2 protein chains.
Amino acid sequence: MSKAEITKRNIIEKAANLFNQQGFAGASMADLMAATGLKKGGIYNHFSSKEALAIAAFDYAVSLYQQRYRHVLREQRHSVDRIKAIVTTFCGTIHNPPLQGGCPLINTAIDSDDTNPVLRDRTRQAMDQWRLMITKVVDRGTKSGELSESVDSDELASILISTMEGAIMLTKLYDDPLHIERVEKHLLAYVEQLRQHQPHQT
Amino acid sequence: MSKAEITKRNIIEKAANLFNQQGFAGASMADLMAATGLKKGGIYNHFSSKEALAIAAFDYAVSLYQQRYRHVLREQRHSVDRIKAIVTTFCGTIHNPPLQGGCPLINTAIDSDDTNPVLRDRTRQAMDQWRLMITKVVDRGTKSGELSESVDSDELASILISTMEGAIMLTKLYDDPLHIERVEKHLLAYVEQLRQHQPHQT
Ligand SMILES: [Mg+2]
Ligand SMILES: [Mg+2]
């Protein structure tokens, strides 16, 4: 990496942690300068606006989560086990967070939905990708007979994402892993119920 | 109400809608002045600081939700039906919101958890009250035999609140009621399963 690329990468990493904790309006230019050790011009050399930086920081934050899923999905074969791995991986981030401030999807959704259409649309795209990751696993499972035919993949994605994101909100509010642990246990049992038991081979 | 009380109430109502959409840092003094039609001094006559106003606005926003539950809980007798009424009432707010910006609990939790301990503690207290409302209904149900003995009220409160709050986030992000409708259907079916069926009277 060139020196310019290293600087840019450093700005993105620091900005991702700031925006994820303080929100778009709450992370000031002064905060960004303090975190990166750069003057305003040093940041604007690399990003045309605070919004352009927030988008790059969000993309980076989301990529840190995506990497974790890619890794664990490769280790599981059965659709039920793959869905469970998604749940366990997300809930496990509380003990081993890829960045400060919790999940960038819920944070940026809440922050941008009524205030910033550009950031909101980026969050929709990232959420679409997460939903797609889940629906692909589920659809393959219903097709192969591993999952009960009655499972609707889009419905299940809405339910899983809602429950996990709400739980990270509670756990961060109380600074207590209890809530996400309860939800993880609940969702693993729920997903296990969707396993299609094959008729005995005779 | 005196003229001063009417003015104060108007500031709180306008501020509640602003903070709930834009967050604490995102709602500027200029926004508050424009929304209330008051000068800075006119607002500071009634509130010692922006934070004091944010707390009063949050309490007011939460009270709008609490009123709805009080009403519907009076109409149901059976614990299972009372829990379902809580779910239906919360999910129904999407079609008939008591204020702009979605649920003040998730919004203020996400906004304050890493930035503002005073607002965060207020949000914890409000969340404690919501959890208590649910656990009281559940505990009465397990004691009376209406609900399966195996139901843990604190666990169920974490699960219900997580799922509903996450769903309101998705629905607001996409501006699409689909997600909260899926979650409502899912939770009503889940709660129905917890109903204890009495042995036949002979
Ligand atoms: Mg919002
Ligand atoms: Mg936060």
# chains A, B, ... in the order shown; residues from 1 in each chain; ligands from 1

call {"tool": "residues_around", "arguments": {"residues": "B:Ala189", "least_positions_apart": "5", "cutoff": "12 Å", "atoms": "only C-alpha atoms", "output": "list in words"}}
result
Val80, Asp81, Ile83, Lys84, Val87, Thr88, Arg182, Val183, Glu184, Leu194 and Arg195 of chain B

call {"tool": "write_last_selection", "arguments": {"atoms": "N, CA, C and O atoms", "output": "PDB file, in the first residue's frame"}}
result
ATOM      1  N   VAL B  80     -52.502 -15.054  28.039  1.00  0.00           N
ATOM      2  CA  VAL B  80     -52.049 -15.217  26.655  1.00  0.00           C
ATOM      3  C   VAL B  80     -52.616 -14.086  25.786  1.00  0.00           C
ATOM      4  O   VAL B  80     -51.906 -13.495  24.968  1.00  0.00           O
ATOM      5  N   ASP B  81     -53.878 -13.768  26.006  1.00  0.00           N
ATOM      6  CA  ASP B  81     -54.499 -12.696  25.222  1.00  0.00           C
ATOM      7  C   ASP B  81     -53.908 -11.327  25.585  1.00  0.00           C
ATOM      8  O   ASP B  81     -53.813 -10.447  24.736  1.00  0.00           O
ATOM      9  N   ILE B  83     -50.743 -10.817  26.529  1.00  0.00           N
ATOM     10  CA  ILE B  83     -49.425 -10.732  25.879  1.00  0.00           C
ATOM     11  C   ILE B  83     -49.620 -10.448  24.389  1.00  0.00           C
ATOM     12  O   ILE B  83     -48.920  -9.609  23.802  1.00  0.00           O
ATOM     13  N   LYS B  84     -50.604 -11.132  23.781  1.00  0.00           N
ATOM     14  CA  LYS B  84     -50.883 -10.871  22.366  1.00  0.00           C
ATOM     15  C   LYS B  84     -51.312  -9.425  22.147  1.00  0.00           C
ATOM     16  O   LYS B  84     -50.959  -8.820  21.117  1.00  0.00           O
ATOM     17  N   VAL B  87     -48.292  -7.265  21.913  1.00  0.00           N
ATOM     18  CA  VAL B  87     -47.648  -7.416  20.596  1.00  0.00           C
ATOM     19  C   VAL B  87     -48.431  -6.648  19.531  1.00  0.00           C
ATOM     20  O   VAL B  87     -47.866  -5.871  18.752  1.00  0.00           O
ATOM     21  N   THR B  88     -49.731  -6.859  19.497  1.00  0.00           N
ATOM     22  CA  THR B  88     -50.571  -6.225  18.476  1.00  0.00           C
ATOM     23  C   THR B  88     -50.545  -4.699  18.611  1.00  0.00           C
ATOM     24  O   THR B  88     -50.518  -3.974  17.613  1.00  0.00           O
ATOM     25  N   ARG B 182     -44.810  -9.457   9.342  1.00  0.00           N
ATOM     26  CA  ARG B 182     -44.281 -10.827   9.460  1.00  0.00           C
ATOM     27  C   ARG B 182     -43.976 -11.168  10.919  1.00  0.00           C
ATOM     28  O   ARG B 182     -44.282 -12.261  11.400  1.00  0.00           O
ATOM     29  N   VAL B 183     -43.340 -10.224  11.597  1.00  0.00           N
ATOM     30  CA  VAL B 183     -42.934 -10.468  12.982  1.00  0.00           C
ATOM     31  C   VAL B 183     -44.159 -10.554  13.895  1.00  0.00           C
ATOM     32  O   VAL B 183     -44.204 -11.376  14.817  1.00  0.00           O
ATOM     33  N   GLU B 184     -45.154  -9.745  13.634  1.00  0.00           N
ATOM     34  CA  GLU B 184     -46.375  -9.797  14.450  1.00  0.00           C
ATOM     35  C   GLU B 184     -47.017 -11.185  14.327  1.00  0.00           C
ATOM     36  O   GLU B 184     -47.354 -11.822  15.333  1.00  0.00           O
ATOM     37  N   LEU B 194     -47.712 -20.986  23.983  1.00  0.00           N
ATOM     38  CA  LEU B 194     -47.389 -21.019  25.415  1.00  0.00           C
ATOM     39  C   LEU B 194     -48.639 -21.214  26.275  1.00  0.00           C
ATOM     40  O   LEU B 194     -48.568 -21.338  27.489  1.00  0.00           O
ATOM     41  N   ARG B 195     -49.808 -21.216  25.618  1.00  0.00           N
ATOM     42  CA  ARG B 195     -51.067 -21.375  26.348  1.00  0.00           C
ATOM     43  C   ARG B 195     -51.116 -22.770  26.975  1.00  0.00           C
ATOM     44  O   ARG B 195     -50.868 -23.766  26.301  1.00  0.00           O
TER      45      ARG B 195
END

call {"tool": "residues_around", "arguments": {"residues": "stretch 101-106 of chain A", "least_positions_apart": "6", "cutoff": "7 Å", "atoms": "only C-alpha atoms", "output": "count of residues only"}}
result
10

call {"tool": "interface_residues", "arguments": {"of": "chain B", "to": "chain A", "cutoff": "7 Å", "atoms": "only C-alpha atoms", "output": "PyMOL selection string"}}
result
chain B and resi 21-22+25-26+101+107+109-110+113-115+120+124+155+158-159+162-163+165-167+169+172-174+179+182-183

call {"tool": "select_by_dssp", "arguments": {"residues": "stretch 23-71 of chain B", "states": "helix (DSSP H, G or I)", "output": "JSON, numbers by chain"}}
result
{"B": [23, 24, 25, 26, 29, 30, 31, 32, 33, 34, 35, 36, 40, 41, 42, 43, 44, 50, 51, 52, 53, 54, 55, 56, 57, 58, 59, 60, 61, 62, 63, 64, 65, 66, 67, 68, 69, 70, 71]}

call {"tool": "residues_around", "arguments": {"residues": "B:Arg9", "least_positions_apart": "3", "cutoff": "12 Å", "atoms": "only C-alpha atoms", "output": "list of chain:residue names"}}
result
B:Met1, B:Ser2, B:Lys3, B:Ala4, B:Glu5, B:Ile6, B:Ile12, B:Glu13, B:Lys14, B:Ala15, B:Ala16, B:Thr36, B:Ile43, B:His46, B:Phe47, B:Leu53, B:Ala56, B:Ala57, B:Tyr60

call {"tool": "closest_residue", "arguments": {"among": "B:Asn45, B:Leu18, B:Asn96, B:Ser79", "to": "ligand 1", "atoms": "only C-alpha atoms and all ligand atoms"}}
result
B:Leu18

call {"tool": "closest_residue", "arguments": {"among": "A:Ile11, A:Leu119, A:Val72, A:Val191", "to": "ligand 1", "atoms": "only C-alpha atoms and all ligand atoms"}}
result
A:Leu119

call {"tool": "closest_residue", "arguments": {"among": "A:Leu147, A:Leu64, A:Pro177, A:Pro117", "to": "ligand 1", "atoms": "only C-alpha atoms and all ligand atoms"}}
result
A:Pro117

call {"tool": "atom_distance", "arguments": {"atom1": "atom CA of A:Leu32", "atom2": "atom CA of A:Asp59"}}
result
17.2 Å

call {"tool": "atom_distance", "arguments": {"atom1": "atom CA of B:Ser153", "atom2": "atom CA of B:Val138"}}
result
5.5 Å

call {"tool": "residues_around", "arguments": {"residues": "stretch 73-75 of chain B", "least_positions_apart": "6", "cutoff": "8 Å", "atoms": "only C-alpha atoms", "output": "tab-separated table (two decimals) with N, CA and C atoms, in the first residue's frame"}}
result
chain	number	residue	atom	x	y	z
B	82	ARG	N	-53.51	-11.18	26.82
B	82	ARG	CA	-52.90	-9.91	27.23
B	82	ARG	C	-51.52	-9.75	26.58
B	85	ALA	N	-52.06	-8.88	23.09
B	85	ALA	CA	-52.51	-7.48	22.95
B	85	ALA	C	-51.32	-6.52	22.99
B	86	ILE	N	-50.31	-6.85	23.80
B	86	ILE	CA	-49.10	-6.03	23.84
B	86	ILE	C	-48.41	-6.07	22.48

call {"tool": "closest_residue", "arguments": {"among": "B:Thr7, B:Phe19, B:His78, B:Gly141", "to": "ligand 1", "atoms": "only C-alpha atoms and all ligand atoms"}}
result
B:Phe19
